[in-house]
$ cat structure_3.pdb   # PDB, C-alpha atoms
MODEL        1
ATOM      1  CA  MET Q   1       0.000   0.000   0.000
ATOM      2  CA  ARG Q   2       2.962   2.342   0.390
ATOM      3  CA  TRP Q   3       3.342   2.328  -3.382
ATOM      4  CA  GLN Q   4      -0.288   3.394  -3.770
ATOM      5  CA  GLU Q   5       0.036   6.106  -1.123
ATOM      6  CA  LYS Q   6       3.037   7.578  -2.943
ATOM      7  CA  THR Q   7       1.152   7.510  -6.240
ATOM      8  CA  ASN Q   8      -1.861   9.206  -4.639
ATOM      9  CA  ARG Q   9       0.370  11.952  -3.209
ATOM     10  CA  ALA Q  10       1.883  12.526  -6.644
ATOM     11  CA  ALA Q  11      -1.578  12.850  -8.224
ATOM     12  CA  ARG Q  12      -2.626  15.422  -5.604
ATOM     13  CA  ASP Q  13      -0.003  17.817  -6.966
ATOM     14  CA  PHE Q  14      -1.802  18.046 -10.325
ATOM     15  CA  ALA Q  15      -4.373  20.724 -11.129
ATOM     16  CA  GLY Q  16      -7.964  19.572 -10.917
ATOM     17  CA  PHE Q  17      -7.286  16.592  -8.654
ATOM     18  CA  GLU Q  18     -10.425  15.732  -6.674
ATOM     19  CA  GLY Q  19      -9.615  12.390  -5.104
ATOM     20  CA  THR Q  20      -9.069   8.678  -5.463
ATOM     21  CA  GLU Q  21     -11.123   5.583  -4.817
ATOM     22  CA  LEU Q  22      -9.468   2.244  -4.106
ATOM     23  CA  TYR Q  23     -11.324  -1.048  -4.569
ATOM     24  CA  PRO Q  24      -9.836  -4.342  -3.355
ATOM     25  CA  PRO Q  25     -10.175  -7.511  -5.402
ATOM     26  CA  GLY Q  26     -13.401  -9.448  -5.057
ATOM     27  CA  SER Q  27     -13.362 -12.905  -3.540
ATOM     28  CA  ASP Q  28     -13.654 -14.540  -6.960
ATOM     29  CA  GLN Q  29     -10.961 -12.409  -8.629
ATOM     30  CA  GLU Q  30      -7.219 -12.514  -8.817
ATOM     31  CA  ASN Q  31      -5.234 -10.075  -6.728
ATOM     32  CA  GLU Q  32      -6.201  -7.094  -8.922
ATOM     33  CA  TRP Q  33      -6.997  -3.800  -7.230
ATOM     34  CA  VAL Q  34      -8.854  -0.985  -9.009
ATOM     35  CA  VAL Q  35      -7.891   2.657  -8.454
ATOM     36  CA  ILE Q  36     -10.035   5.498  -9.748
ATOM     37  CA  TYR Q  37      -8.505   8.967 -10.018
ATOM     38  CA  ARG Q  38     -10.982  11.832 -10.193
ATOM     39  CA  PHE Q  39     -10.102  15.148 -11.823
ATOM     40  CA  SER Q  40     -12.282  18.188 -12.509
ATOM     41  CA  ARG Q  41     -11.785  18.105 -16.263
ATOM     42  CA  ILE Q  42     -10.695  15.553 -18.840
ATOM     43  CA  ASP Q  43      -7.691  17.657 -19.892
ATOM     44  CA  GLN Q  44      -6.453  17.682 -16.289
ATOM     45  CA  LEU Q  45      -6.817  13.907 -16.083
ATOM     46  CA  THR Q  46      -4.982  13.590 -19.402
ATOM     47  CA  THR Q  47      -2.142  15.729 -18.056
ATOM     48  CA  TRP Q  48      -1.825  13.374 -15.058
ATOM     49  CA  LEU Q  49      -2.036  10.222 -17.197
ATOM     50  CA  GLN Q  50       0.654  11.479 -19.574
ATOM     51  CA  SER Q  51       2.914  12.914 -16.874
ATOM     52  CA  ARG Q  52       6.360  11.565 -16.184
ATOM     53  CA  SER Q  53       5.421  11.298 -12.518
ATOM     54  CA  ARG Q  54       2.575   8.904 -13.319
ATOM     55  CA  GLN Q  55       4.544   7.002 -15.964
ATOM     56  CA  GLU Q  56       7.269   6.276 -13.411
ATOM     57  CA  ARG Q  57       4.633   4.811 -11.090
ATOM     58  CA  ALA Q  58       2.631   2.950 -13.757
ATOM     59  CA  VAL Q  59       4.706  -0.193 -13.456
ATOM     60  CA  ARG Q  60       3.475  -2.785 -11.048
ATOM     61  CA  PRO Q  61       4.780  -2.407  -7.493
ATOM     62  CA  PRO Q  62       7.206  -5.037  -6.232
ATOM     63  CA  PRO Q  63       5.575  -8.052  -4.567
ATOM     64  CA  ARG Q  64       5.158  -7.790  -0.834
ATOM     65  CA  SER Q  65       7.304 -10.053   1.261
ATOM     66  CA  PRO Q  66       5.369 -12.323   3.625
ATOM     67  CA  ARG Q  67       5.097 -11.126   7.212
ATOM     68  CA  ARG Q  68       6.605 -13.299   9.855
TER      69      ARG Q  68
ENDMDL
END

$ encode --input "structure_3.pdb" --output "C-alpha cells"
Amino acid sequence: MRWQEKTNRAARDFAGFEGTELYPPGSDQENEWVVIYRFSRIDQLTTWLQSRSRQERAVRPPPRSPRR
C-alpha cells in the first residue's frame, strides 16, 4: 500500500485533482486492485495520465514479502 500512497500523493499535486477511490479484489478475482482517479476536467486527467510522474509509477509495485 505504500506504493499506492506515494502515487496518490503525486496525483494530488496536479491541477484539478479531486480524489481517489481504491477497490480491493473481489473474492472470486485474482489479486487485482482498481484505483479510480478523479479530476475536474478531462484535460487535467490527461495531463496526469501522460505525466512523467505517473509514468514512473505505472509499473506494477514489487511483490510484498510475507510477514513473519

$ residues_around --input "structure_3.pdb" --residues "Thr47 of chain Q" --least-positions-apart "5" --cutoff "9 Å" --atoms "only C-alpha atoms" --output "mmCIF file with C-alpha atoms, keeping the file's coordinate frame"
data_model
loop_
_atom_site.group_PDB
_atom_site.id
_atom_site.type_symbol
_atom_site.label_atom_id
_atom_site.label_comp_id
_atom_site.auth_asym_id
_atom_site.auth_seq_id
_atom_site.Cartn_x
_atom_site.Cartn_y
_atom_site.Cartn_z
ATOM 1 C CA PHE Q 14 -1.802 18.046 -10.325
ATOM 2 C CA ALA Q 15 -4.373 20.724 -11.129
ATOM 3 C CA ILE Q 42 -10.695 15.553 -18.840
#

$ resolve_selection --input "structure_3.pdb" --expression "the PyMOL selection byres ((chain Q and resi 54-59) around 12)" --output "number ranges by chain"
Q: 2-14, 35, 37, 45-53, 60-63

$ atom_distance --input "structure_3.pdb" --atom1 "atom CA of Arg41 of chain Q" --atom2 "atom CA of Thr20 of chain Q"
14.6 Å

$ atom_distance --input "structure_3.pdb" --atom1 "atom CA of Leu22 of chain Q" --atom2 "atom CA of Arg38 of chain Q"
11.5 Å

$ atom_distance --input "structure_3.pdb" --atom1 "atom CA of Ser40 of chain Q" --atom2 "atom CA of Gly16 of chain Q"
4.8 Å

$ resolve_selection --input "structure_3.pdb" --expression "the PyMOL selection byres ((chain Q and resi 34) around 8)" --output "list in words"
Leu22, Tyr23, Pro24, Pro25, Glu32, Trp33, Val35 and Ile36 of chain Q

$ decode --input "structure_3.pdb" --residues "segment 10-21 of chain Q" --atoms "all heavy atoms" --output "PDB file, in the first residue's frame"
ATOM      1  N   ALA Q  10       1.416  11.929  -5.389  1.00  0.00           N
ATOM      2  CA  ALA Q  10       1.883  12.526  -6.644  1.00  0.00           C
ATOM      3  C   ALA Q  10       0.703  13.100  -7.431  1.00  0.00           C
ATOM      4  O   ALA Q  10       0.789  14.202  -7.978  1.00  0.00           O
ATOM      5  CB  ALA Q  10       2.637  11.497  -7.483  1.00  0.00           C
ATOM      6  N   ALA Q  11      -0.403  12.383  -7.484  1.00  0.00           N
ATOM      7  CA  ALA Q  11      -1.578  12.850  -8.224  1.00  0.00           C
ATOM      8  C   ALA Q  11      -2.152  14.125  -7.609  1.00  0.00           C
ATOM      9  O   ALA Q  11      -2.635  15.007  -8.329  1.00  0.00           O
ATOM     10  CB  ALA Q  11      -2.641  11.761  -8.266  1.00  0.00           C
ATOM     11  N   ARG Q  12      -2.088  14.233  -6.288  1.00  0.00           N
ATOM     12  CA  ARG Q  12      -2.626  15.422  -5.604  1.00  0.00           C
ATOM     13  C   ARG Q  12      -1.958  16.710  -6.047  1.00  0.00           C
ATOM     14  O   ARG Q  12      -2.548  17.778  -5.925  1.00  0.00           O
ATOM     15  CB  ARG Q  12      -2.459  15.281  -4.090  1.00  0.00           C
ATOM     16  CG  ARG Q  12      -3.428  14.341  -3.473  1.00  0.00           C
ATOM     17  CD  ARG Q  12      -3.293  14.342  -1.949  1.00  0.00           C
ATOM     18  NE  ARG Q  12      -3.826  13.107  -1.450  1.00  0.00           N
ATOM     19  CZ  ARG Q  12      -3.128  12.164  -0.823  1.00  0.00           C
ATOM     20  NH1 ARG Q  12      -1.855  12.329  -0.575  1.00  0.00           N
ATOM     21  NH2 ARG Q  12      -3.719  11.067  -0.414  1.00  0.00           N
ATOM     22  N   ASP Q  13      -0.737  16.626  -6.536  1.00  0.00           N
ATOM     23  CA  ASP Q  13      -0.003  17.817  -6.966  1.00  0.00           C
ATOM     24  C   ASP Q  13      -0.481  18.361  -8.308  1.00  0.00           C
ATOM     25  O   ASP Q  13      -0.059  19.439  -8.716  1.00  0.00           O
ATOM     26  CB  ASP Q  13       1.504  17.522  -7.053  1.00  0.00           C
ATOM     27  CG  ASP Q  13       2.115  17.294  -5.681  1.00  0.00           C
ATOM     28  OD1 ASP Q  13       1.534  17.752  -4.677  1.00  0.00           O
ATOM     29  OD2 ASP Q  13       3.185  16.665  -5.625  1.00  0.00           O
ATOM     30  N   PHE Q  14      -1.353  17.640  -9.001  1.00  0.00           N
ATOM     31  CA  PHE Q  14      -1.802  18.046 -10.325  1.00  0.00           C
ATOM     32  C   PHE Q  14      -3.102  18.838 -10.239  1.00  0.00           C
ATOM     33  O   PHE Q  14      -3.995  18.522  -9.441  1.00  0.00           O
ATOM     34  CB  PHE Q  14      -1.975  16.819 -11.234  1.00  0.00           C
ATOM     35  CG  PHE Q  14      -0.669  16.286 -11.741  1.00  0.00           C
ATOM     36  CD1 PHE Q  14       0.158  15.541 -10.923  1.00  0.00           C
ATOM     37  CD2 PHE Q  14      -0.238  16.566 -13.031  1.00  0.00           C
ATOM     38  CE1 PHE Q  14       1.374  15.073 -11.365  1.00  0.00           C
ATOM     39  CE2 PHE Q  14       0.979  16.101 -13.493  1.00  0.00           C
ATOM     40  CZ  PHE Q  14       1.790  15.355 -12.648  1.00  0.00           C
ATOM     41  N   ALA Q  15      -3.185  19.866 -11.091  1.00  0.00           N
ATOM     42  CA  ALA Q  15      -4.373  20.724 -11.129  1.00  0.00           C
ATOM     43  C   ALA Q  15      -5.618  19.892 -11.396  1.00  0.00           C
ATOM     44  O   ALA Q  15      -5.603  18.961 -12.201  1.00  0.00           O
ATOM     45  CB  ALA Q  15      -4.217  21.780 -12.222  1.00  0.00           C
ATOM     46  N   GLY Q  16      -6.686  20.231 -10.693  1.00  0.00           N
ATOM     47  CA  GLY Q  16      -7.964  19.572 -10.917  1.00  0.00           C
ATOM     48  C   GLY Q  16      -8.171  18.284 -10.147  1.00  0.00           C
ATOM     49  O   GLY Q  16      -9.246  17.690 -10.213  1.00  0.00           O
ATOM     50  N   PHE Q  17      -7.162  17.844  -9.402  1.00  0.00           N
ATOM     51  CA  PHE Q  17      -7.286  16.592  -8.654  1.00  0.00           C
ATOM     52  C   PHE Q  17      -8.418  16.713  -7.636  1.00  0.00           C
ATOM     53  O   PHE Q  17      -8.489  17.668  -6.875  1.00  0.00           O
ATOM     54  CB  PHE Q  17      -5.976  16.251  -7.944  1.00  0.00           C
ATOM     55  CG  PHE Q  17      -6.072  15.021  -7.096  1.00  0.00           C
ATOM     56  CD1 PHE Q  17      -6.003  13.772  -7.681  1.00  0.00           C
ATOM     57  CD2 PHE Q  17      -6.246  15.114  -5.735  1.00  0.00           C
ATOM     58  CE1 PHE Q  17      -6.103  12.627  -6.901  1.00  0.00           C
ATOM     59  CE2 PHE Q  17      -6.340  13.981  -4.952  1.00  0.00           C
ATOM     60  CZ  PHE Q  17      -6.269  12.732  -5.535  1.00  0.00           C
ATOM     61  N   GLU Q  18      -9.310  15.728  -7.618  1.00  0.00           N
ATOM     62  CA  GLU Q  18     -10.425  15.732  -6.674  1.00  0.00           C
ATOM     63  C   GLU Q  18     -10.385  14.571  -5.690  1.00  0.00           C
ATOM     64  O   GLU Q  18     -10.990  14.636  -4.642  1.00  0.00           O
ATOM     65  CB  GLU Q  18     -11.754  15.711  -7.430  1.00  0.00           C
ATOM     66  CG  GLU Q  18     -11.998  16.981  -8.221  1.00  0.00           C
ATOM     67  CD  GLU Q  18     -13.354  16.994  -8.891  1.00  0.00           C
ATOM     68  OE1 GLU Q  18     -14.015  15.924  -8.976  1.00  0.00           O
ATOM     69  OE2 GLU Q  18     -13.752  18.064  -9.357  1.00  0.00           O
ATOM     70  N   GLY Q  19      -9.698  13.500  -6.040  1.00  0.00           N
ATOM     71  CA  GLY Q  19      -9.615  12.390  -5.104  1.00  0.00           C
ATOM     72  C   GLY Q  19      -9.389  11.057  -5.793  1.00  0.00           C
ATOM     73  O   GLY Q  19      -9.340  10.972  -7.022  1.00  0.00           O
ATOM     74  N   THR Q  20      -9.246  10.034  -4.964  1.00  0.00           N
ATOM     75  CA  THR Q  20      -9.069   8.678  -5.463  1.00  0.00           C
ATOM     76  C   THR Q  20     -10.045   7.744  -4.755  1.00  0.00           C
ATOM     77  O   THR Q  20     -10.504   8.030  -3.649  1.00  0.00           O
ATOM     78  CB  THR Q  20      -7.642   8.140  -5.221  1.00  0.00           C
ATOM     79  OG1 THR Q  20      -7.379   8.172  -3.819  1.00  0.00           O
ATOM     80  CG2 THR Q  20      -6.605   8.935  -5.954  1.00  0.00           C
ATOM     81  N   GLU Q  21     -10.337   6.660  -5.414  1.00  0.00           N
ATOM     82  CA  GLU Q  21     -11.123   5.583  -4.817  1.00  0.00           C
ATOM     83  C   GLU Q  21     -10.342   4.301  -5.050  1.00  0.00           C
ATOM     84  O   GLU Q  21      -9.816   4.079  -6.143  1.00  0.00           O
ATOM     85  CB  GLU Q  21     -12.488   5.486  -5.483  1.00  0.00           C
ATOM     86  CG  GLU Q  21     -13.335   6.730  -5.291  1.00  0.00           C
ATOM     87  CD  GLU Q  21     -14.624   6.670  -6.081  1.00  0.00           C
ATOM     88  OE1 GLU Q  21     -15.207   5.564  -6.209  1.00  0.00           O
ATOM     89  OE2 GLU Q  21     -15.037   7.724  -6.585  1.00  0.00           O
TER      90      GLU Q  21
END
